[in-house]
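Below is one structure, written out as structure tokens; the observations come after it.
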Protein chains: 2
Amino acid sequence: MPDRFADTPQPPYVAAIFTSQLRDRTDGEYQATASALVRRIQEAPGFLGFEAASDPTGFEMVVAYFADESSLSAWKNDEKHVAAQRNGKERWYSHYRVRVARVEHSYSGPGGR
Amino acid sequence: MPDRFADTPQPPYVAAIFTSQLRDRTDGEYQATASALVRRIQEAPGFLGFEAASDPTGFEMVVAYFADESSLSAWKNDEKHVAAQRNGKERWYSHYRVRVARVEHSYSGPGGR
């Protein structure tokens, strides 16, 4: 099983909390775009990792971690990401929310990874 | 379908980002405890709402929103919640991470709710 946890550094850093309701989670173009963006975000300056879960109703949660607000802002304005946002708004999502937050402390358990 | 989105006020407020990997998502005691805590958190002072998704692998994400750090801290120290945290650490989770963050701005789309 791949590690689903983002290996973030000590805070502070920034989290973009994205919650969304898909109209149709089996939409092939949505799936292909999501996969392409997962590859693309790895190259984004300041990207620290992300965590994601989606349940069978099409409710999705993604939290993406960035070093600071400016690197998150650059990713928000990335050309391919902007195109995906437009499709998301117009076609894929019945609703979504984005919350930008500053992570101030963190802890984990059990296991030492 | 129940509304899965937390109806949070304008920022600032606090988010506790909880990501976890369950050992066995069908564990009845875990399920009962999670349901009881979902009811109990509604009564917690300063609680603003939560969003949650879990996928078939048992990877779960919960983001709970509170008015401020002190109300989040009180919930962290709630007696029933502390007992659940102990069981989570010892029995239910193979790993989890908690990140406490200050939400600084938010936006949503499409639809006006």
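Ligands are numbered from 1 in the order shown, residues from 1 within each chain, and chains are lettered A, B, ... in the order they appear in the structure tokens.
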
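The chain A residues that come within 6 Å of chain B are A:Ala53, A:Ser54, A:Asp55, A:Lys89, A:His95, A:Tyr96, A:Arg97, A:Val98, A:Arg99, A:Val100, A:Ala101, A:Arg102, A:Val103, A:Glu104, A:His105, A:Ser106, A:Tyr107, A:Ser108, A:Gly109, A:Pro110, with only C-alpha atoms taken into account.
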
File of the preceding selection, C-alpha atoms, as a CSV table (one decimal), in the first residue's frame:
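Below is the file that was written, selection_28.csv:
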```
chain,number,residue,atom,x,y,z
A,53,ALA,CA,-9.8,10.6,0.4
A,54,SER,CA,-13.0,10.2,-1.5
A,55,ASP,CA,-16.0,8.1,-0.6
A,89,LYS,CA,-16.7,24.7,-11.6
A,95,HIS,CA,-20.3,22.2,-4.9
A,96,TYR,CA,-16.8,22.8,-3.5
A,97,ARG,CA,-15.1,24.8,-0.7
A,98,VAL,CA,-11.5,25.9,-0.4
A,99,ARG,CA,-10.0,27.0,2.9
A,100,VAL,CA,-6.5,28.3,3.1
A,101,ALA,CA,-4.9,27.8,6.5
A,102,ARG,CA,-1.6,28.2,8.2
A,103,VAL,CA,-0.5,25.0,10.0
A,104,GLU,CA,0.9,26.0,13.4
A,105,HIS,CA,1.5,22.6,15.0
A,106,SER,CA,1.3,18.9,14.3
A,107,TYR,CA,1.7,15.6,15.9
A,108,SER,CA,1.3,11.9,15.0
A,109,GLY,CA,1.0,8.4,16.3
A,110,PRO,CA,1.4,5.4,16.5
```

Can you pull out every residue from stretch 2-55 of chain B that DSSP, working from the backbone, puts in helix (DSSP H, G or I), and format the result as a ChimeraX atom specification? /B:28-41

Only C-alpha atoms, please: the residues just picked out, written as a compact mmCIF listing (two decimals), in the first residue's frame.
```
# COMPACT_ATOMS: atom_id res chain seq x y z
CA GLY B 28 -17.88 -2.40 15.58
CA GLU B 29 -16.50 -0.67 18.66
CA TYR B 30 -14.66 1.84 16.50
CA GLN B 31 -17.84 2.55 14.52
CA ALA B 32 -19.93 3.00 17.67
CA THR B 33 -17.36 5.30 19.24
CA ALA B 34 -17.06 7.39 16.08
CA SER B 35 -20.85 7.80 15.95
CA ALA B 36 -21.00 8.79 19.63
CA LEU B 37 -18.24 11.38 19.13
CA VAL B 38 -20.00 12.83 16.10
CA ARG B 39 -23.02 13.45 18.33
CA ARG B 40 -20.91 14.72 21.22
CA ILE B 41 -18.81 17.21 19.22
```

Residues within 9 Å of A:Pro45, only C-alpha atoms, excluding chain neighbours under 5 positions, as an MDAnalysis selection string: chainID A and resid 66:67 71:72 74:75

Restricting the calculation to only C-alpha atoms, which member of A:Pro9, A:Gly49, A:Ala44, A:Arg25 is positioned closest to A:His81?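 Among A:Pro9, A:Gly49, A:Ala44, A:Arg25, it is A:Ala44 that comes nearest to A:His81.
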
Give the strand (DSSP E or B) residues of chain B, as DSSP finds them on the backbone, and put them as JSON, numbers by chain. {"B": [13, 14, 15, 16, 17, 18, 19, 20, 21, 22, 47, 48, 49, 50, 51, 52, 53, 54, 59, 60, 61, 62, 63, 64, 65, 66, 93, 94, 95, 96, 97, 98, 99, 100, 101, 102, 103, 104, 105, 106, 107, 108, 109]}
